[in-house]
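Everything below belongs to run00.cif, which stores mmCIF, C-alpha atoms and all ligand atoms.
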```cif
data_upload
#
loop_
_atom_site.group_PDB
_atom_site.id
_atom_site.type_symbol
_atom_site.label_atom_id
_atom_site.label_comp_id
_atom_site.auth_asym_id
_atom_site.auth_seq_id
_atom_site.Cartn_x
_atom_site.Cartn_y
_atom_site.Cartn_z
ATOM 1 C CA MET J 20 -17.632 -11.301 15.700
ATOM 2 C CA ASP J 21 -18.165 -8.625 18.317
ATOM 3 C CA VAL J 22 -16.477 -5.386 17.317
ATOM 4 C CA THR J 23 -16.139 -3.049 20.261
ATOM 5 C CA SER J 24 -18.254 0.066 19.901
ATOM 6 C CA ILE J 25 -16.577 3.339 20.834
ATOM 7 C CA ASP J 26 -19.628 5.302 21.973
ATOM 8 C CA ALA J 27 -17.672 8.555 22.194
ATOM 9 C CA LEU J 28 -17.084 8.562 18.426
ATOM 10 C CA ARG J 29 -20.662 8.011 17.292
ATOM 11 C CA GLY J 30 -21.993 10.949 15.275
ATOM 12 C CA ARG J 31 -18.672 12.810 15.343
ATOM 13 C CA ASP J 32 -16.774 14.273 12.383
ATOM 14 C CA LEU J 33 -13.235 13.213 11.516
ATOM 15 C CA LEU J 34 -11.651 16.273 9.936
ATOM 16 C CA SER J 35 -8.210 15.728 11.453
ATOM 17 C CA LEU J 36 -6.485 13.448 13.961
ATOM 18 C CA GLN J 37 -6.305 16.456 16.293
ATOM 19 C CA ALA J 38 -10.006 15.855 16.919
ATOM 20 C CA LEU J 39 -9.243 12.479 18.536
ATOM 21 C CA ASN J 40 -7.636 11.810 21.882
ATOM 22 C CA ARG J 41 -4.962 9.165 22.297
ATOM 23 C CA GLU J 42 -7.405 6.541 23.501
ATOM 24 C CA GLU J 43 -9.807 7.103 20.585
ATOM 25 C CA PHE J 44 -6.946 6.902 18.086
ATOM 26 C CA GLN J 45 -5.726 3.630 19.581
ATOM 27 C CA GLN J 46 -9.284 2.256 19.795
ATOM 28 C CA LEU J 47 -9.851 2.976 16.094
ATOM 29 C CA LEU J 48 -6.680 1.030 15.274
ATOM 30 C CA ALA J 49 -7.753 -1.862 17.492
ATOM 31 C CA CYS J 50 -11.156 -1.896 15.800
ATOM 32 C CA ALA J 51 -9.503 -1.845 12.353
ATOM 33 C CA LEU J 52 -7.297 -4.799 13.293
ATOM 34 C CA GLU J 53 -10.295 -6.736 14.560
ATOM 35 C CA LEU J 54 -12.284 -6.006 11.386
ATOM 36 C CA LYS J 55 -9.321 -6.978 9.208
ATOM 37 C CA ARG J 56 -8.765 -10.286 11.027
ATOM 38 C CA GLY J 57 -12.498 -11.005 11.031
ATOM 39 C CA TRP J 58 -12.797 -10.379 7.297
ATOM 40 C CA LYS J 59 -9.786 -12.603 6.548
ATOM 41 C CA ASP J 60 -11.286 -15.340 8.783
ATOM 42 C CA GLY J 61 -14.471 -15.268 6.740
ATOM 43 C CA PHE J 62 -16.743 -13.208 9.020
ATOM 44 C CA ARG J 63 -19.226 -11.157 6.999
ATOM 45 C CA PRO J 64 -21.198 -8.996 9.454
ATOM 46 C CA GLN J 65 -23.326 -6.201 7.941
ATOM 47 C CA PRO J 66 -23.377 -3.525 10.651
ATOM 48 C CA LEU J 67 -23.968 -0.689 8.162
ATOM 49 C CA LYS J 68 -26.885 -2.371 6.387
ATOM 50 C CA HIS J 69 -29.185 0.222 4.762
ATOM 51 C CA LYS J 70 -26.708 3.048 5.513
ATOM 52 C CA THR J 71 -25.329 5.273 2.766
ATOM 53 C CA LEU J 72 -22.146 7.325 2.507
ATOM 54 C CA ALA J 73 -21.880 10.280 0.110
ATOM 55 C CA MET J 74 -18.349 10.596 -1.311
ATOM 56 C CA ILE J 75 -17.502 14.080 -2.589
ATOM 57 C CA PHE J 76 -14.320 14.517 -4.643
ATOM 58 C CA GLU J 77 -12.878 17.875 -5.703
ATOM 59 C CA LYS J 78 -9.621 16.084 -6.595
ATOM 60 C CA GLN J 79 -8.541 12.816 -8.175
ATOM 61 C CA SER J 80 -8.226 9.587 -6.174
ATOM 62 C CA LEU J 81 -7.589 5.884 -6.590
ATOM 63 C CA ARG J 82 -7.138 4.537 -3.053
ATOM 64 C CA THR J 83 -9.538 6.753 -1.099
ATOM 65 C CA ARG J 84 -12.357 6.428 -3.599
ATOM 66 C CA THR J 85 -11.995 2.659 -3.987
ATOM 67 C CA THR J 86 -11.481 1.779 -0.331
ATOM 68 C CA PHE J 87 -14.359 3.873 1.036
ATOM 69 C CA ASP J 88 -16.643 2.348 -1.593
ATOM 70 C CA ILE J 89 -15.524 -1.212 -0.780
ATOM 71 C CA ALA J 90 -15.649 -0.525 2.971
ATOM 72 C CA MET J 91 -19.301 0.513 2.771
ATOM 73 C CA TYR J 92 -20.130 -2.500 0.576
ATOM 74 C CA GLN J 93 -18.349 -4.992 2.841
ATOM 75 C CA LEU J 94 -20.103 -3.563 5.927
ATOM 76 C CA GLY J 95 -23.480 -3.977 4.234
ATOM 77 C CA GLY J 96 -24.043 -0.350 3.237
ATOM 78 C CA GLN J 97 -23.594 1.645 0.062
ATOM 79 C CA ALA J 98 -21.463 4.541 -1.141
ATOM 80 C CA ILE J 99 -22.515 7.104 -3.718
ATOM 81 C CA LEU J 100 -19.892 8.983 -5.718
ATOM 82 C CA LEU J 101 -20.346 12.738 -6.167
ATOM 83 C CA ASN J 102 -17.599 14.240 -8.291
ATOM 84 C CA GLN J 103 -17.084 17.981 -8.368
ATOM 85 C CA ASP J 104 -18.078 18.212 -12.034
ATOM 86 C CA THR J 105 -21.364 16.476 -11.152
ATOM 87 C CA ILE J 106 -22.459 18.489 -8.104
ATOM 88 C CA GLY J 107 -20.521 21.764 -8.459
ATOM 89 C CA LEU J 108 -19.687 22.106 -4.753
ATOM 90 C CA GLY J 109 -19.772 25.832 -3.949
ATOM 91 C CA VAL J 110 -20.234 26.646 -7.634
ATOM 92 C CA ARG J 111 -23.551 25.215 -8.797
ATOM 93 C CA GLU J 112 -24.824 25.128 -5.241
ATOM 94 C CA SER J 113 -23.626 26.440 -1.873
ATOM 95 C CA LEU J 114 -21.922 24.167 0.641
ATOM 96 C CA ARG J 115 -24.719 24.871 3.085
ATOM 97 C CA ASP J 116 -27.437 23.817 0.631
ATOM 98 C CA ILE J 117 -25.547 20.695 -0.382
ATOM 99 C CA ALA J 118 -25.024 19.716 3.258
ATOM 100 C CA HIS J 119 -28.722 20.201 4.055
ATOM 101 C CA ASN J 120 -29.744 18.063 1.074
ATOM 102 C CA LEU J 121 -27.304 15.247 1.840
ATOM 103 C CA ASP J 122 -28.406 15.301 5.471
ATOM 104 C CA ARG J 123 -31.876 14.128 4.394
ATOM 105 C CA TRP J 124 -30.569 11.100 2.493
ATOM 106 C CA VAL J 125 -27.280 9.763 3.819
ATOM 107 C CA GLU J 126 -25.782 8.680 7.149
ATOM 108 C CA GLY J 127 -22.301 10.066 6.448
ATOM 109 C CA ILE J 128 -20.287 12.295 4.110
ATOM 110 C CA MET J 129 -16.681 11.678 3.080
ATOM 111 C CA ALA J 130 -15.129 14.589 1.190
ATOM 112 C CA ARG J 131 -11.808 15.241 -0.527
ATOM 113 C CA THR J 132 -11.391 18.978 -0.932
ATOM 114 C CA HIS J 133 -8.841 21.621 -1.832
ATOM 115 C CA SER J 134 -9.412 24.021 1.069
ATOM 116 C CA HIS J 135 -9.738 22.510 4.529
ATOM 117 C CA ASP J 136 -12.294 25.258 5.231
ATOM 118 C CA THR J 137 -14.635 23.587 2.734
ATOM 119 C CA LEU J 138 -14.699 20.505 4.956
ATOM 120 C CA VAL J 139 -15.182 22.592 8.068
ATOM 121 C CA GLU J 140 -18.130 24.385 6.473
ATOM 122 C CA LEU J 141 -19.693 21.116 5.319
ATOM 123 C CA ALA J 142 -19.330 19.789 8.854
ATOM 124 C CA VAL J 143 -20.907 22.925 10.340
ATOM 125 C CA HIS J 144 -24.035 22.492 8.230
ATOM 126 C CA ALA J 145 -24.350 18.687 8.081
ATOM 127 C CA THR J 146 -25.774 16.840 11.060
ATOM 128 C CA VAL J 147 -24.302 13.538 9.825
ATOM 129 C CA PRO J 148 -20.569 12.798 10.332
ATOM 130 C CA VAL J 149 -18.166 14.384 7.838
ATOM 131 C CA ILE J 150 -14.925 12.488 7.176
ATOM 132 C CA ASN J 151 -11.827 14.090 5.670
ATOM 133 C CA GLY J 152 -10.714 12.068 2.647
ATOM 134 C CA LEU J 153 -7.797 14.539 2.195
ATOM 135 C CA SER J 154 -7.697 18.314 2.238
ATOM 136 C CA ASP J 155 -4.820 20.702 1.593
ATOM 137 C CA LEU J 156 -4.150 20.620 5.339
ATOM 138 C CA PHE J 157 -4.640 17.020 6.528
ATOM 139 C CA HIS J 158 -5.015 13.374 5.465
ATOM 140 C CA PRO J 159 -6.165 11.614 8.652
ATOM 141 C CA CYS J 160 -7.407 8.369 7.073
ATOM 142 C CA GLN J 161 -3.996 7.843 5.492
ATOM 143 C CA LEU J 162 -2.245 8.047 8.844
ATOM 144 C CA LEU J 163 -4.726 5.683 10.475
ATOM 145 C CA ALA J 164 -3.889 3.141 7.763
ATOM 146 C CA ASP J 165 -0.176 3.864 8.163
ATOM 147 C CA HIS J 166 -0.278 3.331 11.915
ATOM 148 C CA LEU J 167 -2.214 0.111 11.394
ATOM 149 C CA THR J 168 0.667 -0.953 9.135
ATOM 150 C CA LEU J 169 3.250 0.105 11.727
ATOM 151 C CA ARG J 170 1.465 -1.940 14.392
ATOM 152 C CA GLU J 171 1.485 -4.981 12.145
ATOM 153 C CA VAL J 172 5.172 -4.599 11.291
ATOM 154 C CA PHE J 173 6.588 -3.500 14.659
ATOM 155 C CA GLY J 174 3.970 -4.348 17.291
ATOM 156 C CA ASP J 175 4.583 -1.663 19.893
ATOM 157 C CA VAL J 176 5.423 1.662 18.217
ATOM 158 C CA GLU J 177 6.406 3.564 21.381
ATOM 159 C CA GLY J 178 9.802 5.150 20.711
ATOM 160 C CA LEU J 179 9.778 4.143 17.028
ATOM 161 C CA ARG J 180 11.901 6.526 14.943
ATOM 162 C CA VAL J 181 10.131 7.810 11.830
ATOM 163 C CA ALA J 182 11.901 9.962 9.228
ATOM 164 C CA PHE J 183 9.542 11.922 6.987
ATOM 165 C CA VAL J 184 11.529 13.175 3.994
ATOM 166 C CA GLY J 185 9.954 15.817 1.755
ATOM 167 C CA ASP J 186 7.269 18.470 1.805
ATOM 168 C CA GLY J 187 5.697 19.683 5.065
ATOM 169 C CA ASN J 188 2.296 19.038 3.481
ATOM 170 C CA ASN J 189 -1.081 17.492 4.385
ATOM 171 C CA VAL J 190 0.408 14.008 4.897
ATOM 172 C CA CYS J 191 3.261 15.433 6.980
ATOM 173 C CA HIS J 192 0.735 17.380 9.089
ATOM 174 C CA SER J 193 -1.178 14.188 9.828
ATOM 175 C CA HIS J 194 2.105 12.472 10.773
ATOM 176 C CA ILE J 195 2.593 15.269 13.295
ATOM 177 C CA ASN J 196 -0.916 14.821 14.673
ATOM 178 C CA ALA J 197 -0.457 11.051 14.912
ATOM 179 C CA ALA J 198 2.831 11.495 16.779
ATOM 180 C CA VAL J 199 0.842 13.076 19.633
ATOM 181 C CA HIS J 200 -1.171 9.865 20.015
ATOM 182 C CA THR J 201 1.585 7.286 19.577
ATOM 183 C CA GLY J 202 4.867 8.226 21.245
ATOM 184 C CA ILE J 203 6.854 7.881 18.030
ATOM 185 C CA SER J 204 9.846 10.116 17.471
ATOM 186 C CA LEU J 205 9.372 12.041 14.209
ATOM 187 C CA THR J 206 12.170 13.719 12.246
ATOM 188 C CA ILE J 207 11.054 15.796 9.274
ATOM 189 C CA ALA J 208 13.653 16.602 6.614
ATOM 190 C CA CYS J 209 12.533 19.395 4.302
ATOM 191 C CA PRO J 210 14.075 22.296 2.376
ATOM 192 C CA GLU J 211 13.794 25.798 3.796
ATOM 193 C CA GLY J 212 10.365 27.246 3.040
ATOM 194 C CA TYR J 213 8.678 23.829 2.918
ATOM 195 C CA GLU J 214 8.323 23.198 6.647
ATOM 196 C CA PRO J 215 5.024 22.037 8.144
ATOM 197 C CA GLU J 216 2.770 24.848 9.343
ATOM 198 C CA ALA J 217 3.578 26.203 12.792
ATOM 199 C CA ASP J 218 -0.151 26.031 13.658
ATOM 200 C CA VAL J 219 0.078 22.256 13.324
ATOM 201 C CA LEU J 220 3.595 21.729 14.679
ATOM 202 C CA GLU J 221 3.549 23.841 17.823
ATOM 203 C CA PRO J 222 0.359 22.432 19.401
ATOM 204 C CA ALA J 223 1.733 18.918 18.837
ATOM 205 C CA ARG J 224 5.004 19.827 20.520
ATOM 206 C CA LYS J 225 3.110 21.418 23.419
ATOM 207 C CA LYS J 226 1.297 18.100 23.880
ATOM 208 C CA GLY J 227 4.674 16.385 24.194
ATOM 209 C CA ALA J 228 5.234 15.035 20.679
ATOM 210 C CA ASP J 229 8.916 14.488 19.881
ATOM 211 C CA ILE J 230 9.350 16.248 16.510
ATOM 212 C CA THR J 231 12.573 17.550 14.964
ATOM 213 C CA ILE J 232 12.987 19.486 11.716
ATOM 214 C CA VAL J 233 16.246 19.059 9.782
ATOM 215 C CA ARG J 234 17.482 19.974 6.296
ATOM 216 C CA ASP J 235 19.646 16.946 5.501
ATOM 217 C CA PRO J 236 17.403 14.005 4.460
ATOM 218 C CA LYS J 237 20.164 11.448 4.974
ATOM 219 C CA ALA J 238 20.757 12.722 8.507
ATOM 220 C CA ALA J 239 17.037 12.114 9.188
ATOM 221 C CA CYS J 240 17.346 8.546 7.876
ATOM 222 C CA ARG J 241 20.363 7.577 9.992
ATOM 223 C CA GLY J 242 19.138 5.012 12.535
ATOM 224 C CA ALA J 243 15.448 5.577 11.687
ATOM 225 C CA ASP J 244 13.067 2.607 11.699
ATOM 226 C CA VAL J 245 10.779 4.099 9.058
ATOM 227 C CA LEU J 246 11.612 6.184 6.004
ATOM 228 C CA TYR J 247 8.429 7.826 4.745
ATOM 229 C CA THR J 248 8.056 10.128 1.779
ATOM 230 C CA ASP J 249 5.285 11.821 -0.193
ATOM 231 C CA VAL J 250 5.063 13.785 -3.446
ATOM 232 C CA TRP J 251 6.813 17.142 -3.814
ATOM 233 C CA ILE J 252 3.911 18.525 -5.845
ATOM 234 C CA SER J 253 0.575 17.843 -4.227
ATOM 235 C CA MET J 254 -2.718 18.034 -6.075
ATOM 236 C CA GLY J 255 -3.501 21.698 -6.720
ATOM 237 C CA GLN J 256 0.188 22.770 -6.709
ATOM 238 C CA GLU J 257 0.919 21.907 -10.344
ATOM 239 C CA GLN J 258 1.708 25.538 -11.214
ATOM 240 C CA GLU J 259 4.672 25.342 -8.773
ATOM 241 C CA THR J 260 6.149 22.236 -10.401
ATOM 242 C CA GLU J 261 9.472 23.687 -11.599
ATOM 243 C CA LYS J 262 10.069 25.729 -8.455
ATOM 244 C CA ARG J 263 9.394 22.693 -6.260
ATOM 245 C CA ARG J 264 11.575 20.362 -8.353
ATOM 246 C CA ARG J 265 14.464 22.793 -7.823
ATOM 247 C CA ALA J 266 13.769 23.184 -4.095
ATOM 248 C CA PHE J 267 13.600 19.420 -3.457
ATOM 249 C CA SER J 268 16.681 18.524 -5.496
ATOM 250 C CA GLY J 269 18.674 16.003 -3.405
ATOM 251 C CA TYR J 270 15.553 14.644 -1.656
ATOM 252 C CA THR J 271 14.927 11.693 -4.013
ATOM 253 C CA VAL J 272 14.757 8.497 -1.947
ATOM 254 C CA THR J 273 16.487 5.469 -3.498
ATOM 255 C CA PRO J 274 17.135 2.008 -1.987
ATOM 256 C CA GLU J 275 20.747 3.031 -1.207
ATOM 257 C CA TRP J 276 19.294 5.238 1.518
ATOM 258 C CA PHE J 277 17.807 2.157 3.213
ATOM 259 C CA ASP J 278 21.330 1.211 4.370
ATOM 260 C CA LEU J 279 21.203 4.252 6.658
ATOM 261 C CA LEU J 280 18.145 2.918 8.501
ATOM 262 C CA SER J 281 18.108 0.716 11.605
ATOM 263 C CA ASP J 282 18.324 -3.082 11.170
ATOM 264 C CA ARG J 283 14.514 -3.278 11.070
ATOM 265 C CA GLY J 284 14.109 -0.234 8.775
ATOM 266 C CA ILE J 285 11.223 -0.046 6.295
ATOM 267 C CA PHE J 286 10.118 2.300 3.494
ATOM 268 C CA MET J 287 6.632 3.827 3.306
ATOM 269 C CA HIS J 288 4.778 6.097 0.861
ATOM 270 C CA ASP J 289 1.087 6.988 0.800
ATOM 271 C CA LEU J 290 0.962 6.912 -3.057
ATOM 272 C CA PRO J 291 0.582 7.956 -5.795
ATOM 273 C CA ALA J 292 4.365 8.109 -6.363
ATOM 274 C CA HIS J 293 5.988 10.507 -8.792
ATOM 275 C CA TYR J 294 8.985 8.426 -9.817
ATOM 276 C CA GLY J 295 12.205 10.362 -10.282
ATOM 277 C CA GLU J 296 10.970 13.071 -7.906
ATOM 278 C CA GLU J 297 10.430 12.041 -4.247
ATOM 279 C CA CYS J 298 11.539 8.422 -4.830
ATOM 280 C CA SER J 299 12.605 5.881 -7.407
ATOM 281 C CA GLU J 300 10.443 3.019 -8.633
ATOM 282 C CA GLU J 301 13.051 0.648 -7.118
ATOM 283 C CA ALA J 302 12.309 2.079 -3.658
ATOM 284 C CA VAL J 303 8.588 1.329 -3.949
ATOM 285 C CA TYR J 304 9.160 -2.239 -5.214
ATOM 286 C CA HIS J 305 12.010 -2.980 -2.789
ATOM 287 C CA PRO J 306 11.607 -5.857 -0.254
ATOM 288 C CA GLN J 307 11.803 -3.298 2.586
ATOM 289 C CA SER J 308 8.875 -1.341 1.132
ATOM 290 C CA HIS J 309 5.432 -1.603 2.749
ATOM 291 C CA VAL J 310 3.589 0.793 0.452
ATOM 292 C CA PHE J 311 1.038 -1.734 -0.761
ATOM 293 C CA ASP J 312 0.344 -2.856 2.817
ATOM 294 C CA GLN J 313 -0.431 0.789 3.567
ATOM 295 C CA ALA J 314 -2.771 0.897 0.563
ATOM 296 C CA GLU J 315 -4.487 -2.323 1.692
ATOM 297 C CA ASN J 316 -4.905 -0.953 5.196
ATOM 298 C CA ARG J 317 -6.794 2.086 3.953
ATOM 299 C CA LEU J 318 -9.728 -0.300 3.582
ATOM 300 C CA HIS J 319 -9.533 -1.713 7.105
ATOM 301 C CA ALA J 320 -8.806 1.593 8.851
ATOM 302 C CA GLN J 321 -11.708 3.292 7.105
ATOM 303 C CA LYS J 322 -14.057 0.433 7.931
ATOM 304 C CA ALA J 323 -13.312 1.164 11.581
ATOM 305 C CA VAL J 324 -13.910 4.897 11.062
ATOM 306 C CA LEU J 325 -17.219 4.293 9.272
ATOM 307 C CA LEU J 326 -18.429 1.759 11.807
ATOM 308 C CA GLN J 327 -17.615 3.938 14.791
ATOM 309 C CA LEU J 328 -18.802 7.284 13.396
ATOM 310 C CA LEU J 329 -21.941 6.114 11.579
ATOM 311 C CA GLY J 330 -22.800 3.531 14.235
ATOM 312 C CA SER J 331 -24.018 -0.006 13.785
ATOM 313 C CA SER J 332 -27.600 -0.521 12.601
ATOM 314 C CA GLU J 333 -27.670 -3.975 14.264
HETATM 315 N N1 LIG C 1 -3.025 7.870 -0.695
HETATM 316 C C1 LIG C 1 -4.178 8.316 -1.224
HETATM 317 O O1 LIG C 1 -4.956 9.040 -0.586
HETATM 318 O O2 LIG C 1 -4.403 7.876 -2.485
HETATM 319 P P1 LIG C 1 -5.493 8.489 -3.476
HETATM 320 O O3 LIG C 1 -5.104 9.913 -3.742
HETATM 321 O O4 LIG C 1 -5.407 7.634 -4.732
HETATM 322 O O5 LIG C 1 -6.841 8.397 -2.845
HETATM 323 N N1 LIG C 2 0.241 15.198 -0.644
HETATM 324 C C1 LIG C 2 -0.479 14.474 -1.651
HETATM 325 C C2 LIG C 2 -1.142 13.269 -1.078
HETATM 326 C C3 LIG C 2 -1.872 12.402 -2.062
HETATM 327 C C4 LIG C 2 -2.554 11.233 -1.445
HETATM 328 C C5 LIG C 2 -1.496 15.380 -2.298
HETATM 329 O O1 LIG C 2 -2.163 16.143 -1.584
HETATM 330 O O2 LIG C 2 -1.636 15.341 -3.523
#
```
Full structure transcribed into structure tokens:
Amino acid sequence: MDVTSIDALRGRDLLSLQALNREEFQQLLACALELKRGWKDGFRPQPLKHKTLAMIFEKQSLRTRTTFDIAMYQLGGQAILLNQDTIGLGVRESLRDIAHNLDRWVEGIMARTHSHDTLVELAVHATVPVINGLSDLFHPCQLLADHLTLREVFGDVEGLRVAFVGDGNNVCHSHINAAVHTGISLTIACPEGYEPEADVLEPARKKGADITIVRDPKAACRGADVLYTDVWISMGQEQETEKRRRAFSGYTVTPEWFDLLSDRGIFMHDLPAHYGEECSEEAVYHPQSHVFDQAENRLHAQKAVLLQLLGSSE
């Protein structure tokens, strides 16, 4: 199997999808599709043989932790898990010192952080690629997996209508960034005070992305091809739980809402789900739901990211 190498991505960081141009975004998806098909057809190339990825986690994770680990293994390399209580990022040791140590041992760093600035600082000091495994601001790997899923379900996504219902958070911000690269039409339904950040929204609009903000979640769903939601209380926001539950009252997605969608409408969620808040369990396990395809595609999308950023050792 000959996976196309995207020379322009080699050695780069992936802190947000803003850092990619449209062609690079589409090439990463094409590479992910090729790797996924190849793996399912029994191809077992080892392009990352002898390469190591450090995985830093300041927050909990199931999908990101598991899929990066498996991706490195399946590509012939190895991942090493560095939890916050083990390394004390910025507490036991400065970000700069940690970056300079890791630089001497590993070929890449994937980090899940609270502050996005932590990732930026790691990337400033590390010479190896730094990949955002979720920060308070962005979740680029999630949206790569989601767009891989959209390609598989719909083929061409140009003009696809996506309704994002819920908090204008990290996942919503990456939806906005992805809209710049894909030509989808994105409607975000959120309560007042929970809009995406203007610093993310306005540059995307200036680049021509079709993004509308509304208050009524059902209005956003009417005629949409994709209904996407995410938690109301992201990791690190637990102290705002009651305030957020009140603010998002009326935003709980249930399968009845699927009737509002277009004939080909699907439901998506990045997971974990907080049942009874942003959606019901019935929504996630509904035949129109693709949430576990999204979870599966984290593996394939991240294989493409690792291969292109770390570069093949073959
Ligand atoms: N969707 C996602 O990033 O899942 P985890 O938090 O379990 O990694
Ligand atoms: N917005 C969620 C995404 C989890 C994958 C959070 O940050 O907790």
message: What does the structure give for the distance between CA of Phe277 in chain J and CA of Ile195 in chain J, in Å to one decimal?
response: 22.5 Å
- request: Take the PyMOL selection byres (((not hetatm)) within 8 of (chain C and resi 2)), apply it to the structure above, and return the hits as a VMD selection string.
  value: chain J and resid 80 153 to 155 158 161 188 to 190 249 to 255 289 to 291
query: Which residue out of J:Gly202, J:Gly269, J:Pro159, J:Gly242 has the minimum interatomic distance to ligand LIG 1 (chain C) when all atoms listed in the file are used?
result: J:Pro159
message: At a cut-off of 12 Å and counting all atoms listed in the file, what residues surround ligand LIG 1 (chain C)? Please answer as a PyMOL selection string.
response: chain J and resi 74+76-88+129-132+151-155+157-165+189-190+248-250+253-254+287-292+310-318+321
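Using all atoms listed in the file, the nearest neighbour of Asp282 in chain J within the list J:Glu42, J:Asp244, J:Glu261, J:Glu211 is J:Asp244.
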statement: The residue from J:Arg241, J:His119, J:Arg111, J:His192 with the smallest atom-to-atom distance to Pro222 in chain J, counting only C-alpha atoms, is J:His192
query: Written as a PyMOL selection string, what is the full residue list that the PyMOL selection byres (((chain J and resi 125) around 9) and not hetatm) yields on the file shown?
result: chain J and resi 70-73+121-124+126-128+147
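Taking all atoms listed in the file into account, Leu94 in chain J lies nearest to J:Ser332 out of the set J:Ser35, J:Ser332, J:Gln258, J:Thr273.
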task: Take CA of Arg56 in chain J and CA of Ile25 in chain J and report the distance between them in Å, one decimal.
output: 18.5 Å
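The two atoms in question, CA of His305 in chain J and CA of Thr168 in chain J, are spaced 16.6 Å apart.
The smallest atom-to-atom distance between Asp186 in chain J and any of J:Ser331, J:Asn102, J:Ser24, J:Ser268, using only C-alpha atoms, is found for J:Ser268.
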